[in-house]
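Below is the file model_3.cif, which contains mmCIF, C-alpha atoms.
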data_model
#
loop_
_atom_site.group_PDB
_atom_site.id
_atom_site.type_symbol
_atom_site.label_atom_id
_atom_site.label_comp_id
_atom_site.auth_asym_id
_atom_site.auth_seq_id
_atom_site.Cartn_x
_atom_site.Cartn_y
_atom_site.Cartn_z
ATOM 1 C CA MET A 140 -12.028 13.989 -29.592
ATOM 2 C CA THR A 141 -10.525 10.690 -30.598
ATOM 3 C CA GLN A 142 -6.950 11.253 -29.544
ATOM 4 C CA ILE A 143 -4.842 12.959 -26.904
ATOM 5 C CA LYS A 144 -1.297 13.732 -27.958
ATOM 6 C CA THR A 145 1.341 15.291 -25.724
ATOM 7 C CA GLU A 146 5.101 15.369 -25.463
ATOM 8 C CA ASP A 147 5.061 12.499 -22.948
ATOM 9 C CA TYR A 148 2.203 10.234 -24.053
ATOM 10 C CA ASN A 149 -0.426 9.530 -26.692
ATOM 11 C CA VAL A 150 -3.853 7.983 -26.269
ATOM 12 C CA VAL A 151 -5.745 7.173 -29.456
ATOM 13 C CA LEU A 152 -9.263 5.808 -29.979
ATOM 14 C CA GLU A 153 -9.633 3.524 -32.973
ATOM 15 C CA GLN A 154 -12.562 1.742 -34.632
ATOM 16 C CA GLU A 155 -12.600 -1.753 -36.102
ATOM 17 C CA PRO A 156 -11.342 -3.206 -33.973
ATOM 18 C CA ASN A 157 -12.613 -1.017 -31.173
ATOM 19 C CA ALA A 158 -9.424 -0.084 -29.385
ATOM 20 C CA VAL A 159 -7.771 2.505 -27.191
ATOM 21 C CA ILE A 160 -4.050 2.655 -27.834
ATOM 22 C CA PHE A 161 -1.722 4.045 -25.175
ATOM 23 C CA SER A 162 1.940 4.940 -25.665
ATOM 24 C CA GLY A 163 4.709 6.829 -23.861
ATOM 25 C CA SER A 164 4.799 7.580 -20.128
ATOM 26 C CA LEU A 165 1.573 8.337 -18.273
ATOM 27 C CA ARG A 166 2.324 9.987 -14.956
ATOM 28 C CA LEU A 167 -0.463 12.516 -14.466
ATOM 29 C CA ASN A 168 -1.377 14.141 -11.166
ATOM 30 C CA GLY A 169 -4.474 12.463 -9.758
ATOM 31 C CA MET A 170 -7.901 11.646 -11.147
ATOM 32 C CA ASP A 171 -8.606 15.203 -12.355
ATOM 33 C CA GLU A 172 -5.773 15.084 -14.832
ATOM 34 C CA TYR A 173 -6.812 11.603 -15.991
ATOM 35 C CA ALA A 174 -10.402 12.737 -16.732
ATOM 36 C CA PRO A 175 -9.842 13.333 -20.498
ATOM 37 C CA ILE A 176 -8.484 9.781 -20.823
ATOM 38 C CA VAL A 177 -11.455 8.375 -18.910
ATOM 39 C CA ASP A 178 -13.705 10.232 -21.378
ATOM 40 C CA LEU A 179 -11.903 8.576 -24.274
ATOM 41 C CA LEU A 180 -12.357 5.132 -22.697
ATOM 42 C CA ASP A 181 -16.060 5.841 -22.144
ATOM 43 C CA GLN A 182 -16.344 6.944 -25.760
ATOM 44 C CA ALA A 183 -14.888 3.597 -26.889
ATOM 45 C CA VAL A 184 -17.603 1.755 -24.970
ATOM 46 C CA VAL A 185 -20.308 3.900 -26.590
ATOM 47 C CA GLN A 186 -18.775 3.062 -29.973
ATOM 48 C CA ASN A 187 -18.885 -0.678 -29.325
ATOM 49 C CA SER A 188 -20.214 -2.134 -26.111
ATOM 50 C CA ASP A 189 -19.316 -5.754 -26.921
ATOM 51 C CA ASN A 190 -15.552 -5.719 -27.446
ATOM 52 C CA LEU A 191 -12.720 -3.444 -26.452
ATOM 53 C CA ILE A 192 -8.962 -3.740 -26.841
ATOM 54 C CA LEU A 193 -6.736 -1.754 -24.526
ATOM 55 C CA ASN A 194 -3.424 -1.688 -26.338
ATOM 56 C CA ILE A 195 -0.551 -0.736 -24.011
ATOM 57 C CA GLU A 196 2.272 -2.415 -25.926
ATOM 58 C CA ASN A 197 4.134 0.884 -26.077
ATOM 59 C CA LEU A 198 3.133 2.273 -22.680
ATOM 60 C CA GLU A 199 6.514 2.430 -20.953
ATOM 61 C CA PHE A 200 5.247 3.754 -17.627
ATOM 62 C CA LEU A 201 1.992 4.161 -15.754
ATOM 63 C CA ASN A 202 1.925 5.712 -12.279
ATOM 64 C CA SER A 203 -0.360 4.552 -9.481
ATOM 65 C CA SER A 204 -2.950 7.240 -10.319
ATOM 66 C CA GLY A 205 -3.041 5.761 -13.811
ATOM 67 C CA ILE A 206 -3.436 2.262 -12.377
ATOM 68 C CA ASN A 207 -6.293 3.671 -10.298
ATOM 69 C CA MET A 208 -7.921 5.129 -13.424
ATOM 70 C CA LEU A 209 -7.684 1.846 -15.357
ATOM 71 C CA SER A 210 -8.870 -0.172 -12.351
ATOM 72 C CA LYS A 211 -11.892 2.033 -11.904
ATOM 73 C CA PHE A 212 -12.758 1.679 -15.593
ATOM 74 C CA VAL A 213 -12.376 -2.104 -15.440
ATOM 75 C CA ILE A 214 -14.654 -2.369 -12.372
ATOM 76 C CA LYS A 215 -17.241 -0.232 -14.187
ATOM 77 C CA MET A 216 -17.052 -2.595 -17.190
ATOM 78 C CA ARG A 217 -17.414 -5.672 -14.958
ATOM 79 C CA GLN A 218 -20.589 -4.147 -13.555
ATOM 80 C CA LYS A 219 -21.873 -3.526 -17.086
ATOM 81 C CA GLY A 220 -21.627 -7.225 -17.694
ATOM 82 C CA LYS A 221 -21.294 -8.278 -21.284
ATOM 83 C CA ILE A 222 -18.277 -6.405 -22.656
ATOM 84 C CA ILE A 223 -15.155 -8.423 -23.472
ATOM 85 C CA ILE A 224 -11.927 -6.598 -22.741
ATOM 86 C CA LEU A 225 -8.562 -7.653 -24.098
ATOM 87 C CA VAL A 226 -5.450 -5.943 -22.743
ATOM 88 C CA LYS A 227 -2.563 -6.202 -25.190
ATOM 89 C CA GLY A 228 0.776 -5.558 -23.556
ATOM 90 C CA SER A 229 4.458 -6.195 -23.981
ATOM 91 C CA GLN A 230 6.756 -8.703 -22.328
ATOM 92 C CA THR A 231 9.647 -6.319 -22.694
ATOM 93 C CA ILE A 232 8.092 -3.691 -20.425
ATOM 94 C CA PRO A 233 8.537 -5.128 -16.921
ATOM 95 C CA TRP A 234 5.758 -3.250 -15.051
ATOM 96 C CA GLN A 235 3.124 -4.802 -17.279
ATOM 97 C CA ALA A 236 3.759 -8.409 -16.280
ATOM 98 C CA LYS A 237 3.885 -7.268 -12.641
ATOM 99 C CA SER A 238 0.815 -5.065 -12.440
ATOM 100 C CA LEU A 239 -1.650 -6.185 -15.138
ATOM 101 C CA LYS A 240 -2.667 -9.271 -13.182
ATOM 102 C CA ASN A 241 -4.258 -6.922 -10.644
ATOM 103 C CA LEU A 242 -6.755 -5.822 -13.293
ATOM 104 C CA GLN A 243 -7.745 -9.438 -13.772
ATOM 105 C CA ARG A 244 -8.458 -9.754 -10.058
ATOM 106 C CA LEU A 245 -10.933 -6.891 -10.451
ATOM 107 C CA MET A 246 -12.514 -8.341 -13.600
ATOM 108 C CA PRO A 247 -11.832 -12.091 -13.937
ATOM 109 C CA SER A 248 -13.130 -12.225 -17.529
ATOM 110 C CA LEU A 249 -10.505 -9.703 -18.662
ATOM 111 C CA GLU A 250 -8.005 -11.186 -21.092
ATOM 112 C CA ILE A 251 -4.328 -10.297 -21.088
ATOM 113 C CA GLU A 252 -2.022 -10.907 -24.003
ATOM 114 C CA LEU A 253 1.664 -10.062 -23.586
ATOM 115 C CA VAL A 254 3.562 -10.182 -26.878
ATOM 116 C CA MET B 213 9.035 13.558 19.029
ATOM 117 C CA LEU B 214 10.347 10.586 17.094
ATOM 118 C CA GLN B 215 8.243 7.688 15.873
ATOM 119 C CA THR B 216 9.043 4.914 13.456
ATOM 120 C CA PHE B 217 6.751 2.506 11.618
ATOM 121 C CA GLY B 218 7.431 -0.602 9.581
ATOM 122 C CA ASN B 219 10.948 -1.655 8.681
ATOM 123 C CA PHE B 220 13.037 1.488 9.193
ATOM 124 C CA LEU B 221 16.818 1.124 9.401
ATOM 125 C CA ASN B 222 18.486 3.812 11.484
ATOM 126 C CA ASP B 223 21.918 2.587 10.469
ATOM 127 C CA LEU B 224 22.267 1.952 6.786
ATOM 128 C CA PRO B 225 24.669 -0.691 5.504
ATOM 129 C CA MET B 226 27.677 0.820 3.731
ATOM 130 C CA PRO B 227 26.584 1.627 0.164
ATOM 131 C CA SER B 228 28.713 0.976 -2.886
ATOM 132 C CA GLU B 229 26.820 3.624 -4.843
ATOM 133 C CA PHE B 230 24.706 6.581 -3.834
ATOM 134 C CA LEU B 231 22.744 9.397 -5.488
ATOM 135 C CA ALA B 232 20.735 12.229 -3.907
ATOM 136 C CA LEU B 233 18.475 14.987 -5.248
ATOM 137 C CA GLU B 234 16.918 17.911 -3.369
ATOM 138 C CA PHE B 235 14.249 20.387 -4.398
ATOM 139 C CA LEU B 236 11.866 22.960 -2.908
ATOM 140 C CA LEU B 237 8.192 22.170 -2.429
ATOM 141 C CA ASP B 238 6.711 25.653 -2.972
ATOM 142 C CA SER B 239 3.187 25.281 -4.273
ATOM 143 C CA SER B 240 3.295 28.068 -6.856
ATOM 144 C CA SER B 241 4.860 25.883 -9.485
ATOM 145 C CA LEU B 242 3.501 22.457 -8.547
ATOM 146 C CA LYS B 243 1.822 21.934 -11.893
ATOM 147 C CA GLN B 244 5.001 22.732 -13.787
ATOM 148 C CA LYS B 245 7.082 20.725 -11.374
ATOM 149 C CA TRP B 246 4.934 17.592 -11.512
ATOM 150 C CA ARG B 247 6.539 16.510 -14.775
ATOM 151 C CA ASN B 248 9.946 16.719 -13.099
ATOM 152 C CA ASN B 249 9.023 13.735 -10.927
ATOM 153 C CA GLY B 250 9.106 11.527 -14.000
ATOM 154 C CA LEU B 251 12.292 13.125 -15.292
ATOM 155 C CA SER B 252 14.071 12.692 -11.942
ATOM 156 C CA ALA B 253 12.793 9.126 -11.560
ATOM 157 C CA ASP B 254 14.022 8.200 -15.045
ATOM 158 C CA PHE B 255 17.394 9.801 -14.330
ATOM 159 C CA ILE B 256 17.822 7.898 -11.053
ATOM 160 C CA ALA B 257 16.738 4.685 -12.792
ATOM 161 C CA ASP B 258 19.128 5.179 -15.678
ATOM 162 C CA TYR B 259 21.974 5.991 -13.296
ATOM 163 C CA PHE B 260 21.505 2.839 -11.220
ATOM 164 C CA SER B 261 20.803 0.517 -14.132
ATOM 165 C CA THR B 262 24.490 1.029 -15.054
ATOM 166 C CA PHE B 263 25.400 -1.148 -12.065
ATOM 167 C CA PHE B 264 23.266 -4.046 -13.319
ATOM 168 C CA PRO B 265 24.726 -4.865 -16.710
ATOM 169 C CA GLY B 266 23.140 -7.629 -18.744
ATOM 170 C CA GLU B 267 19.534 -8.161 -19.761
ATOM 171 C CA PRO B 268 16.887 -8.728 -18.576
ATOM 172 C CA THR B 269 18.150 -7.537 -15.155
ATOM 173 C CA LYS B 270 19.122 -4.089 -16.410
ATOM 174 C CA SER B 271 15.634 -3.367 -17.802
ATOM 175 C CA GLN B 272 13.944 -4.814 -14.743
ATOM 176 C CA VAL B 273 16.011 -2.697 -12.353
ATOM 177 C CA LYS B 274 15.473 0.399 -14.479
ATOM 178 C CA ASN B 275 11.716 -0.121 -14.621
ATOM 179 C CA ALA B 276 11.361 -0.884 -10.910
ATOM 180 C CA VAL B 277 13.562 2.024 -9.793
ATOM 181 C CA SER B 278 11.733 4.399 -12.095
ATOM 182 C CA PHE B 279 8.295 3.323 -10.812
ATOM 183 C CA ILE B 280 9.271 3.476 -7.157
ATOM 184 C CA ALA B 281 11.257 6.724 -7.385
ATOM 185 C CA ASN B 282 8.380 8.360 -9.269
ATOM 186 C CA GLU B 283 5.766 7.244 -6.719
ATOM 187 C CA LEU B 284 7.933 8.459 -3.828
ATOM 188 C CA LEU B 285 8.597 11.801 -5.532
ATOM 189 C CA GLU B 286 4.878 12.227 -6.254
ATOM 190 C CA ASN B 287 4.146 11.561 -2.590
ATOM 191 C CA THR B 288 6.605 14.221 -1.418
ATOM 192 C CA MET B 289 4.779 16.722 -3.633
ATOM 193 C CA LYS B 290 1.297 15.509 -2.709
ATOM 194 C CA TYR B 291 1.788 15.272 1.039
ATOM 195 C CA GLY B 292 4.740 17.592 1.658
ATOM 196 C CA ASP B 293 4.249 20.939 3.407
ATOM 197 C CA ASP B 294 4.451 23.445 0.555
ATOM 198 C CA SER B 295 4.746 26.361 2.987
ATOM 199 C CA SER B 296 7.927 24.982 4.520
ATOM 200 C CA PRO B 297 11.351 26.207 3.378
ATOM 201 C CA PHE B 298 12.707 22.739 4.140
ATOM 202 C CA PRO B 299 13.689 21.048 0.863
ATOM 203 C CA ALA B 300 12.386 17.608 -0.087
ATOM 204 C CA LYS B 301 15.103 15.027 -0.621
ATOM 205 C CA VAL B 302 15.236 11.757 -2.454
ATOM 206 C CA SER B 303 18.218 9.454 -2.344
ATOM 207 C CA LEU B 304 19.000 5.955 -3.473
ATOM 208 C CA TYR B 305 21.654 3.645 -2.008
ATOM 209 C CA LEU B 306 23.013 0.481 -3.535
ATOM 210 C CA THR B 307 24.325 -1.971 -0.939
ATOM 211 C CA ALA B 308 25.556 -5.552 -1.282
ATOM 212 C CA LYS B 309 22.035 -7.009 -1.273
ATOM 213 C CA LYS B 310 19.628 -4.138 -1.587
ATOM 214 C CA LEU B 311 18.503 -0.967 -3.232
ATOM 215 C CA ILE B 312 17.363 1.449 -0.532
ATOM 216 C CA PHE B 313 15.282 4.499 -1.387
ATOM 217 C CA ILE B 314 14.959 7.305 1.137
ATOM 218 C CA THR B 315 12.757 10.359 0.766
ATOM 219 C CA GLN B 316 12.396 13.080 3.342
ATOM 220 C CA ASN B 317 9.955 15.962 3.357
ATOM 221 C CA SER B 318 8.247 18.339 5.738
ATOM 222 C CA ILE B 319 4.629 17.567 6.590
ATOM 223 C CA LYS B 320 1.843 19.770 7.954
ATOM 224 C CA PRO B 321 1.033 18.875 11.591
ATOM 225 C CA LYS B 322 -2.651 18.393 10.694
ATOM 226 C CA ASP B 323 -1.760 15.705 8.139
ATOM 227 C CA ILE B 324 0.406 13.576 10.437
ATOM 228 C CA GLN B 325 -2.375 11.637 12.156
ATOM 229 C CA LYS B 326 -4.154 10.781 8.911
ATOM 230 C CA PHE B 327 -0.931 9.571 7.319
ATOM 231 C CA GLN B 328 -0.027 7.469 10.361
ATOM 232 C CA ALA B 329 -3.484 5.885 10.342
ATOM 233 C CA LEU B 330 -2.989 4.939 6.683
ATOM 234 C CA ILE B 331 0.431 3.454 7.500
ATOM 235 C CA GLU B 332 -1.016 1.419 10.389
ATOM 236 C CA GLU B 333 -3.739 0.106 8.101
ATOM 237 C CA ILE B 334 -1.278 -0.889 5.388
ATOM 238 C CA LEU B 335 1.077 -2.582 7.851
ATOM 239 C CA SER B 336 -1.569 -4.462 9.805
ATOM 240 C CA GLY B 337 -3.558 -6.069 6.988
ATOM 241 C CA ASP B 338 -3.029 -8.152 3.890
ATOM 242 C CA PRO B 339 -1.929 -5.651 1.214
ATOM 243 C CA ASN B 340 -3.581 -7.712 -1.548
ATOM 244 C CA GLU B 341 -6.973 -7.604 0.144
ATOM 245 C CA LEU B 342 -6.635 -3.952 1.075
ATOM 246 C CA TYR B 343 -5.738 -3.109 -2.525
ATOM 247 C CA VAL B 344 -8.871 -4.689 -3.981
ATOM 248 C CA GLN B 345 -11.059 -3.353 -1.177
ATOM 249 C CA ARG B 346 -9.822 0.223 -1.677
ATOM 250 C CA LEU B 347 -10.330 0.100 -5.450
ATOM 251 C CA GLU B 348 -13.846 -1.329 -5.130
ATOM 252 C CA GLU B 349 -14.783 1.362 -2.593
ATOM 253 C CA ASN B 350 -13.379 4.051 -4.821
ATOM 254 C CA ALA B 351 -15.260 2.714 -7.864
ATOM 255 C CA ALA B 352 -18.505 2.811 -5.890
ATOM 256 C CA ALA B 353 -17.987 6.448 -4.845
ATOM 257 C CA SER B 354 -19.394 9.224 -7.002
ATOM 258 C CA ASP B 355 -17.198 10.616 -9.744
ATOM 259 C CA GLN B 356 -17.477 14.093 -8.284
ATOM 260 C CA ASN B 357 -15.783 13.009 -5.092
ATOM 261 C CA ASP B 358 -13.142 10.925 -6.765
ATOM 262 C CA GLN B 359 -9.841 11.741 -5.118
ATOM 263 C CA GLY B 360 -8.328 8.456 -6.155
ATOM 264 C CA VAL B 361 -7.234 5.839 -3.665
ATOM 265 C CA SER B 362 -4.765 6.992 -1.063
ATOM 266 C CA GLY B 363 -2.063 4.451 -0.388
ATOM 267 C CA LEU B 364 -2.541 2.743 -3.757
ATOM 268 C CA GLY B 365 1.026 3.567 -4.809
ATOM 269 C CA ILE B 366 2.436 2.129 -1.582
ATOM 270 C CA LEU B 367 0.295 -1.002 -1.905
ATOM 271 C CA THR B 368 1.379 -1.468 -5.533
ATOM 272 C CA MET B 369 5.053 -1.238 -4.550
ATOM 273 C CA ILE B 370 4.552 -3.787 -1.762
ATOM 274 C CA MET B 371 2.558 -6.245 -3.909
ATOM 275 C CA ASP B 372 4.190 -5.968 -7.321
ATOM 276 C CA TYR B 373 7.768 -5.082 -6.347
ATOM 277 C CA THR B 374 7.991 -6.808 -2.913
ATOM 278 C CA ALA B 375 9.118 -3.485 -1.487
ATOM 279 C CA GLU B 376 9.570 -3.191 2.273
ATOM 280 C CA PHE B 377 8.476 0.102 3.805
ATOM 281 C CA GLY B 378 9.547 2.033 6.881
ATOM 282 C CA TRP B 379 8.722 5.552 8.048
ATOM 283 C CA LYS B 380 10.200 7.940 10.588
ATOM 284 C CA PHE B 381 8.358 10.985 11.920
ATOM 285 C CA GLU B 382 10.363 13.621 13.770
ATOM 286 C CA THR B 383 10.240 17.216 14.862
ATOM 287 C CA GLN B 384 13.183 19.548 14.457
ATOM 288 C CA LYS B 385 13.813 23.114 15.462
ATOM 289 C CA PRO B 386 16.293 24.655 13.083
ATOM 290 C CA GLU B 387 18.626 27.331 14.443
ATOM 291 C CA LYS B 388 17.272 30.866 13.953
ATOM 292 C CA SER B 389 13.854 29.494 13.108
ATOM 293 C CA PRO B 390 10.984 30.481 15.399
ATOM 294 C CA ILE B 391 8.941 27.382 14.558
ATOM 295 C CA GLU B 392 9.411 23.658 14.713
ATOM 296 C CA ILE B 393 9.284 21.651 11.527
ATOM 297 C CA HIS B 394 7.735 18.219 11.200
ATOM 298 C CA LEU B 395 9.559 15.795 8.965
ATOM 299 C CA VAL B 396 8.669 12.404 7.562
ATOM 300 C CA THR B 397 11.316 10.076 6.163
ATOM 301 C CA THR B 398 10.161 7.177 4.000
ATOM 302 C CA MET B 399 12.451 4.206 3.453
ATOM 303 C CA VAL B 400 11.838 1.584 0.782
ATOM 304 C CA GLN B 401 14.025 -1.501 0.605
ATOM 305 C CA LEU B 402 14.193 -3.631 -2.484
ATOM 306 C CA SER B 403 16.167 -6.872 -2.610
ATOM 307 C CA THR B 404 18.404 -7.149 -5.644
#
Take the structure in the file and give it back as structure tokens.
Amino acid sequence: MTQIKTEDYNVVLEQEPNAVIFSGSLRLNGMDEYAPIVDLLDQAVVQNSDNLILNIENLEFLNSSGINMLSKFVIKMRQKGKIIILVKGSQTIPWQAKSLKNLQRLMPSLEIELV
Amino acid sequence: MLQTFGNFLNDLPMPSEFLALEFLLDSSSLKQKWRNNGLSADFIADYFSTFFPGEPTKSQVKNAVSFIANELLENTMKYGDDSSPFPAKVSLYLTAKKLIFITQNSIKPKDIQKFQALIEEILSGDPNELYVQRLEENAAASDQNDQGVSGLGILTMIMDYTAEFGWKFETQKPEKSPIEIHLVTTMVQLST
């Protein structure tokens, strides 16, 4: 599966560049409900273990369980070592400027680009 | 029994605006109801953003209110007593200098101590350090036992939204009811 589409959110896995694109509002109930998205992220790393773009330019909302899911993924990638992660976000979505810096604390090499 | 933690105001300043929602916590429809947290949070956020005309303030208020209201609503569903007929309530007050969120829900007696221990931990340490520590511990745990990080939502609100938290635990005995109910009220203050 390379995409998850629902009424509230979409998550799409793309190749060249290797990217996972999030949009909508992600407010799922706990880690169980986030498991399919974690699988998609893992699939992206299998596809290309050197570079990954997490595109959240159109992700309006992410609840704390979603922050937990992304944080856990980022820690796992830091432990892996060589992968370069770029998070592409939006300046017009206020939570991103507030909360994305926390991901960088977990993985200092993570790059953030707010357009 | 009445206990308070953190910054809990017993007397609220006079609000200029106010909105309250109530709902039942019965477990049978939790899965269906979960989505309503987001809908309610967006509604509350939209409603209050009206009082902050002009960008970027309007968008910032809307985004912050939506995040906080959603986290608080999720917590009432996650930690509320789904066997209690007592409805969960969420309300938001706008005062001269603050937005004040209040949620109230019943809680199972067995969960009280665990919740209070979490509160004590959050209030006594540096939230930034606790945040990283909790996430690292969780990442090291096996996937099978992954329950997520409890308190992560509260820590995020404190760190990223400079939210001030207070809690009140109380026991009430409603008329005609044979049993006591345990209630927790959560107060979140946000400077505007």
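Every residue of chain A that lies within 6 Å of chain B is listed here, counting only C-alpha atoms: Met170, Ser203, Lys211, Pro233 and Lys237 of chain A.
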Selection in question (the file shown): the PyMOL selection byres ((chain A and resi 216) around 12). Which residues does it include, as JSON, numbers by chain? {"A": [180, 181, 183, 184, 185, 188, 189, 190, 191, 209, 210, 211, 212, 213, 214, 215, 217, 218, 219, 220, 221, 222, 223, 224, 242, 245, 246, 247, 248, 249], "B": [351]}
At a cut-off of 6 Å, using all atoms listed in the file, what residues contact Leu152 (chain A)? Leave out same-chain residues fewer than 3 positions from it and give the result as JSON, numbers by chain. {"A": [141, 142, 158, 159]}
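What the PyMOL selection byres ((chain B and resi 307) around 6) grabs from this file is Pro227, Ser228, Leu306, Ala308, Lys309 and Lys310 of chain B.
Going from CA of Ile160 (chain A) to CA of Ser261 (chain B) covers 28.5 Å.
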Have a look at CA of Leu284 (chain B) and CA of Val226 (chain A) and let me know their distance in Å, one decimal. 27.3 Å
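What the PyMOL selection byres ((chain B and resi 316) around 8) grabs from this file is Thr288, Ala300, Lys301, Val302, Ile314, Thr315, Asn317, Ser318, Leu395, Val396, Thr397 and Thr398 of chain B.
Between CA of Glu252 (chain A) and CA of Lys227 (chain A) the interatomic distance comes to 4.9 Å.
Considering only C-alpha atoms, the residue among B:Ile256, B:Met213, B:Leu402, B:Leu251 positioned nearest to Gln384 (chain B) is B:Met213.
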Please return as an MDAnalysis selection string every residue within 9 Å of (15.3, 5.4, 9.9), taking into account all atoms listed in the file and the file's own coordinates. chainID B and resid 216 219:224 314 378:380 397:399
